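Here is the file query.cif (mmCIF, C-alpha atoms).
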```cif
data_query
loop_
_atom_site.group_PDB
_atom_site.id
_atom_site.type_symbol
_atom_site.label_atom_id
_atom_site.label_comp_id
_atom_site.auth_asym_id
_atom_site.auth_seq_id
_atom_site.Cartn_x
_atom_site.Cartn_y
_atom_site.Cartn_z
ATOM 1 C CA MET H 1 -38.571 -7.230 0.467
ATOM 2 C CA HIS H 2 -35.732 -4.739 0.790
ATOM 3 C CA GLN H 3 -34.563 -3.697 -2.692
ATOM 4 C CA SER H 4 -30.806 -4.115 -3.015
ATOM 5 C CA PHE H 5 -28.409 -4.806 -5.853
ATOM 6 C CA ILE H 6 -28.620 -8.503 -4.956
ATOM 7 C CA ASN H 7 -32.398 -8.902 -5.426
ATOM 8 C CA PHE H 8 -32.908 -5.985 -7.822
ATOM 9 C CA ARG H 9 -36.136 -6.453 -9.812
ATOM 10 C CA ASN H 10 -36.592 -10.030 -8.553
ATOM 11 C CA TYR H 11 -32.993 -11.001 -9.364
ATOM 12 C CA ARG H 12 -33.317 -9.827 -12.981
ATOM 13 C CA TYR H 13 -29.609 -9.737 -13.761
ATOM 14 C CA GLY H 14 -28.920 -12.844 -11.716
ATOM 15 C CA LEU H 15 -31.356 -14.762 -13.914
ATOM 16 C CA ILE H 16 -29.864 -13.248 -17.084
ATOM 17 C CA ALA H 17 -26.356 -14.208 -15.970
ATOM 18 C CA ALA H 18 -27.474 -17.718 -14.992
ATOM 19 C CA THR H 19 -29.239 -18.232 -18.336
ATOM 20 C CA ALA H 20 -26.197 -17.009 -20.267
ATOM 21 C CA SER H 21 -23.952 -19.300 -18.237
ATOM 22 C CA VAL H 22 -26.151 -22.368 -18.851
ATOM 23 C CA ILE H 23 -26.311 -21.666 -22.602
ATOM 24 C CA THR H 24 -22.540 -21.158 -22.716
ATOM 25 C CA ILE H 25 -21.825 -24.409 -20.879
ATOM 26 C CA ALA H 26 -24.285 -26.301 -23.093
ATOM 27 C CA ALA H 27 -22.735 -24.900 -26.284
ATOM 28 C CA TYR H 28 -19.221 -25.719 -25.063
ATOM 29 C CA THR H 29 -20.256 -29.255 -24.114
ATOM 30 C CA LEU H 30 -22.122 -29.997 -27.340
ATOM 31 C CA ASP H 31 -19.567 -28.429 -29.677
ATOM 32 C CA ARG H 32 -17.400 -30.926 -31.543
ATOM 33 C CA PRO H 33 -14.592 -28.934 -33.201
ATOM 34 C CA ARG H 34 -11.984 -30.619 -35.418
ATOM 35 C CA VAL H 35 -9.285 -29.307 -33.111
ATOM 36 C CA PRO H 36 -9.198 -29.142 -29.291
ATOM 37 C CA PRO H 37 -11.399 -26.329 -27.961
ATOM 38 C CA ASN H 38 -9.603 -22.986 -28.053
ATOM 39 C CA GLY H 39 -10.192 -19.338 -28.772
ATOM 40 C CA SER H 40 -9.695 -19.684 -32.537
ATOM 41 C CA THR H 41 -12.717 -21.922 -33.235
ATOM 42 C CA TRP H 42 -16.065 -20.443 -34.240
ATOM 43 C CA LEU H 43 -17.345 -20.992 -30.702
ATOM 44 C CA GLY H 44 -14.132 -19.578 -29.260
ATOM 45 C CA TYR H 45 -14.483 -16.389 -31.301
ATOM 46 C CA THR H 46 -18.156 -16.119 -30.376
ATOM 47 C CA LEU H 47 -17.559 -16.549 -26.669
ATOM 48 C CA GLY H 48 -14.545 -14.235 -26.809
ATOM 49 C CA THR H 49 -16.606 -11.523 -28.475
ATOM 50 C CA ILE H 50 -19.342 -11.853 -25.863
ATOM 51 C CA ALA H 51 -16.838 -11.821 -22.986
ATOM 52 C CA GLY H 52 -15.036 -8.778 -24.439
ATOM 53 C CA LEU H 53 -18.260 -6.831 -24.873
ATOM 54 C CA LEU H 54 -19.276 -7.718 -21.311
ATOM 55 C CA VAL H 55 -15.961 -6.442 -19.949
ATOM 56 C CA ILE H 56 -16.402 -3.142 -21.776
ATOM 57 C CA PHE H 57 -19.991 -2.868 -20.559
ATOM 58 C CA LEU H 58 -18.934 -3.579 -16.985
ATOM 59 C CA ALA H 59 -16.216 -0.930 -17.210
ATOM 60 C CA LEU H 60 -18.881 1.625 -18.150
ATOM 61 C CA PHE H 61 -20.288 1.266 -14.632
ATOM 62 C CA GLY H 62 -17.497 3.534 -13.412
ATOM 63 C CA VAL H 63 -18.756 6.228 -15.802
ATOM 64 C CA ARG H 64 -22.428 5.693 -14.980
ATOM 65 C CA LYS H 65 -22.052 5.966 -11.201
ATOM 66 C CA ARG H 66 -20.457 9.400 -11.622
ATOM 67 C CA SER H 67 -23.189 10.612 -13.983
ATOM 68 C CA PHE H 68 -25.735 11.688 -11.394
ATOM 69 C CA SER H 69 -28.063 13.250 -13.953
ATOM 70 C CA SER H 70 -28.085 10.239 -16.276
ATOM 71 C CA ASN H 71 -31.407 8.539 -17.020
ATOM 72 C CA LEU H 72 -29.735 5.419 -18.419
ATOM 73 C CA GLY H 73 -30.977 2.959 -15.790
ATOM 74 C CA THR H 74 -30.750 3.295 -12.039
ATOM 75 C CA ALA H 75 -27.511 3.207 -10.086
ATOM 76 C CA ILE H 76 -28.627 0.153 -8.124
ATOM 77 C CA GLY H 77 -29.560 -1.611 -11.362
ATOM 78 C CA TRP H 78 -26.097 -0.949 -12.771
ATOM 79 C CA VAL H 79 -24.516 -2.343 -9.614
ATOM 80 C CA SER H 80 -26.652 -5.489 -9.863
ATOM 81 C CA ALA H 81 -25.733 -5.973 -13.526
ATOM 82 C CA HIS H 82 -22.068 -5.304 -12.709
ATOM 83 C CA VAL H 83 -21.999 -8.042 -10.093
ATOM 84 C CA TYR H 84 -23.937 -10.812 -11.859
ATOM 85 C CA LEU H 85 -22.725 -10.221 -15.406
ATOM 86 C CA GLY H 86 -19.166 -9.928 -14.120
ATOM 87 C CA LEU H 87 -19.366 -13.483 -12.777
ATOM 88 C CA ALA H 88 -20.890 -14.710 -16.037
ATOM 89 C CA ALA H 89 -18.178 -12.944 -18.051
ATOM 90 C CA LEU H 90 -15.457 -14.848 -16.197
ATOM 91 C CA LEU H 91 -17.130 -18.193 -16.999
ATOM 92 C CA ILE H 92 -17.578 -17.247 -20.667
ATOM 93 C CA ALA H 93 -13.942 -16.097 -20.918
ATOM 94 C CA THR H 94 -12.768 -19.358 -19.340
ATOM 95 C CA LEU H 95 -14.651 -21.459 -21.890
ATOM 96 C CA HIS H 96 -13.523 -19.090 -24.654
ATOM 97 C CA SER H 97 -9.917 -20.000 -23.855
ATOM 98 C CA GLY H 98 -10.638 -23.734 -24.033
ATOM 99 C CA MET H 99 -8.457 -24.069 -20.916
ATOM 100 C CA HIS H 100 -5.340 -23.280 -22.974
ATOM 101 C CA PHE H 101 -2.961 -20.989 -21.111
ATOM 102 C CA GLY H 102 0.653 -19.999 -21.570
ATOM 103 C CA ALA H 103 3.255 -17.289 -21.035
ATOM 104 C CA ASN H 104 1.616 -14.724 -23.293
ATOM 105 C CA VAL H 105 -0.545 -11.606 -23.226
ATOM 106 C CA HIS H 106 -3.715 -13.663 -23.662
ATOM 107 C CA THR H 107 -3.152 -15.459 -20.377
ATOM 108 C CA VAL H 108 -2.225 -12.155 -18.733
ATOM 109 C CA ALA H 109 -5.603 -10.746 -19.773
ATOM 110 C CA TYR H 110 -7.354 -13.804 -18.346
ATOM 111 C CA VAL H 111 -5.429 -13.631 -15.051
ATOM 112 C CA LEU H 112 -6.264 -9.947 -14.705
ATOM 113 C CA MET H 113 -9.913 -10.790 -15.308
ATOM 114 C CA CYS H 114 -9.763 -13.377 -12.509
ATOM 115 C CA VAL H 115 -8.137 -10.838 -10.171
ATOM 116 C CA VAL H 116 -10.737 -8.195 -10.984
ATOM 117 C CA THR H 117 -13.590 -10.674 -10.460
ATOM 118 C CA LEU H 118 -12.233 -11.944 -7.148
ATOM 119 C CA SER H 119 -11.616 -8.417 -5.891
ATOM 120 C CA GLY H 120 -15.144 -7.551 -6.998
ATOM 121 C CA CYS H 121 -16.519 -10.459 -4.958
ATOM 122 C CA TRP H 122 -14.650 -9.163 -1.923
ATOM 123 C CA GLY H 123 -16.048 -5.704 -2.655
ATOM 124 C CA VAL H 124 -19.587 -7.114 -2.677
ATOM 125 C CA TYR H 125 -18.962 -8.698 0.720
ATOM 126 C CA ALA H 126 -17.457 -5.457 2.046
ATOM 127 C CA TYR H 127 -20.318 -3.251 0.860
ATOM 128 C CA MET H 128 -22.878 -5.691 2.259
ATOM 129 C CA SER H 129 -21.160 -6.062 5.633
ATOM 130 C CA PHE H 130 -19.115 -2.987 6.489
ATOM 131 C CA PRO H 131 -21.762 -0.220 6.370
ATOM 132 C CA GLY H 132 -23.906 -2.136 8.865
ATOM 133 C CA ALA H 133 -20.890 -2.788 11.071
ATOM 134 C CA MET H 134 -19.978 0.908 10.902
ATOM 135 C CA MET H 135 -23.488 1.892 11.947
ATOM 136 C CA HIS H 136 -23.297 -0.626 14.788
ATOM 137 C CA GLN H 137 -20.071 0.930 16.034
ATOM 138 C CA ARG H 138 -21.526 4.423 15.810
ATOM 139 C CA GLY H 139 -25.009 3.582 17.137
ATOM 140 C CA ASN H 140 -27.358 6.528 16.770
ATOM 141 C CA LEU H 141 -24.556 9.051 17.101
ATOM 142 C CA ARG H 142 -22.797 10.986 14.395
ATOM 143 C CA ARG H 143 -19.040 11.105 14.288
ATOM 144 C CA SER H 144 -19.145 14.769 15.326
ATOM 145 C CA GLU H 145 -21.123 13.729 18.421
ATOM 146 C CA PHE H 146 -18.438 11.209 19.346
ATOM 147 C CA LEU H 147 -15.756 13.864 18.993
ATOM 148 C CA ARG H 148 -17.812 16.289 21.087
ATOM 149 C CA GLN H 149 -18.169 13.717 23.879
ATOM 150 C CA ILE H 150 -14.428 13.003 23.804
ATOM 151 C CA ALA H 151 -13.688 16.740 24.032
ATOM 152 C CA GLU H 152 -16.056 17.055 27.019
ATOM 153 C CA ILE H 153 -14.362 14.100 28.721
ATOM 154 C CA ASP H 154 -10.942 15.679 28.196
ATOM 155 C CA SER H 155 -12.186 18.984 29.623
ATOM 156 C CA ALA H 156 -13.732 17.333 32.692
ATOM 157 C CA ALA H 157 -10.650 15.200 33.251
ATOM 158 C CA LEU H 158 -8.315 18.183 33.094
ATOM 159 C CA GLU H 159 -10.463 20.037 35.627
ATOM 160 C CA LEU H 160 -10.286 17.091 38.031
ATOM 161 C CA ALA H 161 -6.573 16.562 37.430
ATOM 162 C CA GLU H 162 -5.757 20.149 38.356
ATOM 163 C CA GLY H 163 -7.058 19.432 41.854
ATOM 164 C CA ILE H 164 -4.657 16.528 42.348
ATOM 165 C CA SER H 165 -1.189 17.479 41.123
ATOM 166 C CA SER H 166 0.725 19.084 38.284
ATOM 167 C CA PRO H 167 2.112 15.761 36.920
ATOM 168 C CA VAL H 168 -1.402 14.321 36.700
ATOM 169 C CA THR H 169 -2.604 17.468 34.926
ATOM 170 C CA GLN H 170 0.262 17.145 32.461
ATOM 171 C CA LEU H 171 -0.570 13.477 31.943
ATOM 172 C CA PHE H 172 -4.139 14.300 30.921
ATOM 173 C CA ALA H 173 -3.096 17.294 28.841
ATOM 174 C CA GLU H 174 -0.747 15.036 26.875
ATOM 175 C CA SER H 175 -3.481 12.420 26.547
ATOM 176 C CA ALA H 176 -5.875 14.969 25.047
ATOM 177 C CA ARG H 177 -3.237 16.456 22.771
ATOM 178 C CA ARG H 178 -1.929 13.149 21.449
ATOM 179 C CA THR H 179 -5.212 11.319 20.911
ATOM 180 C CA ASP H 180 -4.809 9.720 17.478
ATOM 181 C CA LEU H 181 -7.585 8.407 15.195
ATOM 182 C CA GLY H 182 -5.409 7.857 12.156
ATOM 183 C CA GLY H 183 -5.990 11.194 10.427
ATOM 184 C CA GLY H 184 -4.940 11.053 6.784
ATOM 185 C CA ASN H 185 -2.618 8.094 7.382
ATOM 186 C CA LEU H 186 -4.309 5.147 5.652
ATOM 187 C CA TRP H 187 -1.995 2.590 7.281
ATOM 188 C CA LYS H 188 -2.899 3.810 10.781
ATOM 189 C CA GLN H 189 -6.592 3.712 9.868
ATOM 190 C CA LEU H 190 -6.272 0.122 8.630
ATOM 191 C CA ARG H 191 -4.456 -0.956 11.803
ATOM 192 C CA GLY H 192 -7.160 0.621 13.970
ATOM 193 C CA ARG H 193 -4.753 1.191 16.848
ATOM 194 C CA ASP H 194 -3.694 4.191 18.879
ATOM 195 C CA GLY H 195 -0.081 4.812 17.929
ATOM 196 C CA SER H 196 0.338 7.970 19.996
ATOM 197 C CA THR H 197 2.446 8.174 23.155
ATOM 198 C CA LEU H 198 2.339 10.138 26.377
ATOM 199 C CA VAL H 199 5.252 12.548 26.850
ATOM 200 C CA LEU H 200 5.761 13.748 30.417
ATOM 201 C CA GLY H 201 8.103 16.618 31.372
ATOM 202 C CA ALA H 202 10.753 15.487 33.824
ATOM 203 C CA GLY H 203 11.263 18.969 35.280
ATOM 204 C CA GLY H 204 14.563 20.557 36.197
ATOM 205 C CA ALA H 205 16.720 22.970 34.269
ATOM 206 C CA SER H 206 17.280 20.632 31.377
ATOM 207 C CA ARG H 207 13.514 20.244 30.693
ATOM 208 C CA ARG H 208 14.056 16.682 29.560
ATOM 209 C CA SER H 209 11.061 14.529 28.643
ATOM 210 C CA HIS H 210 10.056 10.994 29.438
ATOM 211 C CA VAL H 211 8.064 8.979 26.886
ATOM 212 C CA VAL H 212 5.657 6.454 28.347
ATOM 213 C CA PRO H 213 6.328 3.260 26.299
ATOM 214 C CA ASN H 214 2.697 2.291 25.756
ATOM 215 C CA THR H 215 -0.307 3.320 23.724
ATOM 216 C CA ASN H 216 -2.069 6.480 24.825
ATOM 217 C CA GLN H 217 -5.204 5.392 26.645
ATOM 218 C CA ARG H 218 -3.742 2.138 27.968
ATOM 219 C CA ALA H 219 -0.791 4.009 29.445
ATOM 220 C CA LEU H 220 -3.106 6.571 30.978
ATOM 221 C CA ILE H 221 -5.403 3.975 32.567
ATOM 222 C CA GLN H 222 -2.411 2.003 33.856
ATOM 223 C CA SER H 223 -0.940 5.126 35.444
ATOM 224 C CA LEU H 224 -4.268 5.984 37.099
ATOM 225 C CA ALA H 225 -4.687 2.440 38.405
ATOM 226 C CA GLU H 226 -1.241 2.631 40.005
ATOM 227 C CA MET H 227 -2.120 5.978 41.598
ATOM 228 C CA ARG H 228 -5.383 4.597 42.973
ATOM 229 C CA THR H 229 -3.561 1.794 44.765
ATOM 230 C CA GLY H 230 -0.912 4.134 46.171
ATOM 231 C CA ARG H 231 -0.954 4.356 49.956
ATOM 232 C CA SER H 232 0.243 7.955 50.137
ATOM 233 C CA GLN H 233 -2.893 9.427 48.578
ATOM 234 C CA ASN H 234 -5.564 10.982 50.786
ATOM 235 C CA GLN H 235 -9.242 10.125 50.462
ATOM 236 C CA VAL H 236 -10.104 13.208 48.383
ATOM 237 C CA ALA H 237 -7.321 12.459 45.922
ATOM 238 C CA LEU H 238 -8.347 8.797 45.706
ATOM 239 C CA SER H 239 -11.925 9.828 44.903
ATOM 240 C CA SER H 240 -10.701 12.150 42.138
ATOM 241 C CA VAL H 241 -8.402 9.483 40.746
ATOM 242 C CA GLN H 242 -11.323 7.037 40.670
ATOM 243 C CA LYS H 243 -13.401 9.556 38.689
ATOM 244 C CA LEU H 244 -10.484 10.173 36.357
ATOM 245 C CA LEU H 245 -10.127 6.432 35.826
ATOM 246 C CA GLU H 246 -13.806 6.187 34.899
ATOM 247 C CA LEU H 247 -13.481 9.092 32.467
ATOM 248 C CA ALA H 248 -10.387 7.544 30.887
ATOM 249 C CA GLY H 249 -12.200 4.227 30.476
ATOM 250 C CA THR H 250 -15.197 5.925 28.862
ATOM 251 C CA LYS H 251 -12.936 7.786 26.479
ATOM 252 C CA ALA H 252 -11.066 4.589 25.621
ATOM 253 C CA ALA H 253 -14.357 2.865 24.740
ATOM 254 C CA LEU H 254 -15.441 5.773 22.523
ATOM 255 C CA LEU H 255 -12.056 5.865 20.798
ATOM 256 C CA GLN H 256 -12.185 2.119 20.182
ATOM 257 C CA ARG H 257 -15.558 2.437 18.459
ATOM 258 C CA LEU H 258 -14.377 5.375 16.363
ATOM 259 C CA ARG H 259 -11.167 3.599 15.349
ATOM 260 C CA ARG H 260 -13.108 0.492 14.324
ATOM 261 C CA GLU H 261 -15.439 2.593 12.175
ATOM 262 C CA THR H 262 -12.433 4.388 10.665
ATOM 263 C CA GLN H 263 -10.785 1.031 9.978
ATOM 264 C CA LEU H 264 -13.839 -0.281 8.112
ATOM 265 C CA ALA H 265 -14.078 2.916 6.050
ATOM 266 C CA ALA H 266 -10.379 2.595 5.178
ATOM 267 C CA LEU H 267 -10.906 -1.010 4.051
ATOM 268 C CA LEU H 268 -13.607 0.180 1.652
ATOM 269 C CA ARG H 269 -11.283 2.838 0.257
ATOM 270 C CA ILE H 270 -8.279 0.523 -0.113
ATOM 271 C CA TRP H 271 -10.472 -1.925 -2.040
ATOM 272 C CA LEU H 272 -11.260 0.770 -4.612
ATOM 273 C CA PHE H 273 -7.568 1.673 -4.830
ATOM 274 C CA LEU H 274 -6.908 -1.931 -5.924
ATOM 275 C CA HIS H 275 -10.038 -2.783 -7.922
ATOM 276 C CA VAL H 276 -10.134 0.265 -10.208
ATOM 277 C CA PRO H 277 -6.450 0.085 -11.357
ATOM 278 C CA MET H 278 -6.870 -3.648 -11.989
ATOM 279 C CA CYS H 279 -9.906 -2.884 -14.162
ATOM 280 C CA CYS H 280 -7.868 -0.381 -16.174
ATOM 281 C CA ALA H 281 -5.071 -2.939 -16.567
ATOM 282 C CA LEU H 282 -7.629 -5.513 -17.724
ATOM 283 C CA LEU H 283 -8.977 -3.147 -20.383
ATOM 284 C CA ALA H 284 -5.448 -2.492 -21.652
ATOM 285 C CA ALA H 285 -4.617 -6.212 -21.728
ATOM 286 C CA LEU H 286 -7.927 -6.963 -23.463
ATOM 287 C CA PHE H 287 -7.160 -4.402 -26.172
ATOM 288 C CA ILE H 288 -3.696 -5.908 -26.750
ATOM 289 C CA HIS H 289 -5.221 -9.399 -26.781
ATOM 290 C CA ILE H 290 -7.737 -8.433 -29.485
ATOM 291 C CA VAL H 291 -5.147 -6.644 -31.615
ATOM 292 C CA ALA H 292 -2.718 -9.557 -31.340
ATOM 293 C CA VAL H 293 -5.404 -12.068 -32.343
ATOM 294 C CA PHE H 294 -6.607 -10.218 -35.435
ATOM 295 C CA VAL H 295 -3.198 -8.919 -36.599
ATOM 296 C CA TYR H 296 -0.931 -11.885 -35.966
ATOM 297 C CA TRP H 297 -3.345 -14.806 -36.121
#
```
When written as structure tokens, how does the structure in this file appear?
Amino acid sequence: MHQSFINFRNYRYGLIAATASVITIAAYTLDRPRVPPNGSTWLGYTLGTIAGLLVIFLALFGVRKRSFSSNLGTAIGWVSAHVYLGLAALLIATLHSGMHFGANVHTVAYVLMCVVTLSGCWGVYAYMSFPGAMMHQRGNLRRSEFLRQIAEIDSAALELAEGISSPVTQLFAESARRTDLGGGNLWKQLRGRDGSTLVLGAGGASRRSHVVPNTNQRALIQSLAEMRTGRSQNQVALSSVQKLLELAGTKAALLQRLRRETQLAALLRIWLFLHVPMCCALLAALFIHIVAVFVYW
């Protein structure tokens, strides 16, 4: 069986988390406190201590995954423990509270824990699904190979366009120059769309420009399709336009695959931008929660 963080060591941490959850539920069910269940009973303090220690342990995963020379467990084992024990910690914290919530820092800490856990669940789904989807988009090619093919298509298209007319050459030159994969713009990468435009010189002394109101490759293919159906073109020009249309379609397909891969990679990054700050906020709220309990209660 493929060894992953889900089935690591025959679901070792999944079994530990399940056992801890069953014991916690049994203790909560069998406990008969003099007051309604809450965090200030002996069981509440016990469960709160366990949940707090689990949160701190889970936060150490961020340190461990950056310690490449560490011998303290394997990275995949830490991921497995992070996932399963994180779910168990949320259950233990819920029973620790006795379902008593209010407008206070204690509830804020619990809400942050729920947010961190839910975002972690989404992260598990993303890391199980997106890498495979990215490989599917890329096939057996590296990203550099995609870019090389696109550059070769642009070069071949420009060579063909020069044999037709100057406006067509300018159209393809603008297409090559304005091809947009998102670059460092995270929002463009998440959208996965081509936001570039084709700018065509209108000629004349004023050198004004005309912006084609459409996305890059779609505008290019539409313009070529209109040229192919034009009656004023000779047979040689029509043959060249047909080849250009095929090249533009091939490039559009390659760009679509690259943009989808870029979009998935951006989704993985944006998840970390949300999950890690929420974890830090949870640790801060947990510290305030503990201090408030022992100082004021």
Care to translate the PyMOL selection byres ((chain H and resi 251-255) around 7) into actual residues of this file, as an MDAnalysis selection string?
chainID H and resid 146 150 153 217 247:250 256:259
Which centre and which edge lengths, in Å to one decimal, describe the axis-aligned box that holds all listed atoms of segment 248-265 of chain H after 5 Å is added on each side, as AutoDock Vina command-line options?
```
--center_x -13.0 --center_y 3.8 --center_z 18.5 --size_x 15.2 --size_y 18.1 --size_z 34.8
```
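The coordinates place atom CA of Leu186 of chain H at 11.5 Å from atom CA of Phe273 of chain H.
Shortest separation to Pro167 of chain H among H:Leu286, H:Val115, H:Leu224, H:Val124 occurs at residue H:Leu224, atoms counted being only C-alpha atoms.
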Reference answer for the PyMOL selection byres ((chain H and resi 54-60) around 9), as a list in words
Thr49, Ile50, Ala51, Gly52, Leu53, Phe61, Gly62, Val63, Arg64, Lys65, Trp78, Ala81, His82, Val83, Leu85, Gly86, Ala88, Ala89, Met113, Cys279, Cys280, Leu282, Leu283 and Leu286 of chain H
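Counting all atoms listed in the file, the residue from H:Ile23, H:Ala17, H:Asn38, H:Leu158 that sits nearest to Phe172 of chain H is H:Leu158.
Residue nearest Leu181 of chain H within the list H:Leu238, H:Ala281, H:Met135, H:Ala266: H:Ala266 [criterion: smallest interatomic distance, all atoms listed in the file].
For the residues H:Ser21, H:Trp122, H:Ala75, H:Arg32, ranking by smallest atom-to-atom distance to Ile92 of chain H using all atoms listed in the file places H:Ser21 first.
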Nearest to Gly183 of chain H, chosen from H:Thr262, H:Gln242, H:Thr29, H:Thr74, with all atoms listed in the file counted in the distances
H:Thr262
Which residue is closest to Gly44 of chain H? Choose from H:Arg12, H:His96, H:Arg191, H:Arg178 and count all atoms listed in the file.
H:His96
Return as a count of residues only the set of residues that the PyMOL selection byres ((chain H and resi 97) around 9) yields on the displayed structure.
19
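One finds atom CA of Leu264 of chain H at 22.0 Å from atom CA of Ile76 of chain H.
Atom CA of Tyr45 of chain H is positioned 10.1 Å from atom CA of Val293 of chain H.
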Which polymer residues, whether protein, DNA or RNA, lie within 7 Å of the coordinate (-11.4, 14.7, 34.6) when you count all atoms listed in the file? List them as a list in words, using the chain letters and numbers from the file.
Ile153, Asp154, Ser155, Ala156, Ala157, Leu158, Glu159, Leu160, Ala161, Lys243, Leu244 and Leu247 of chain H
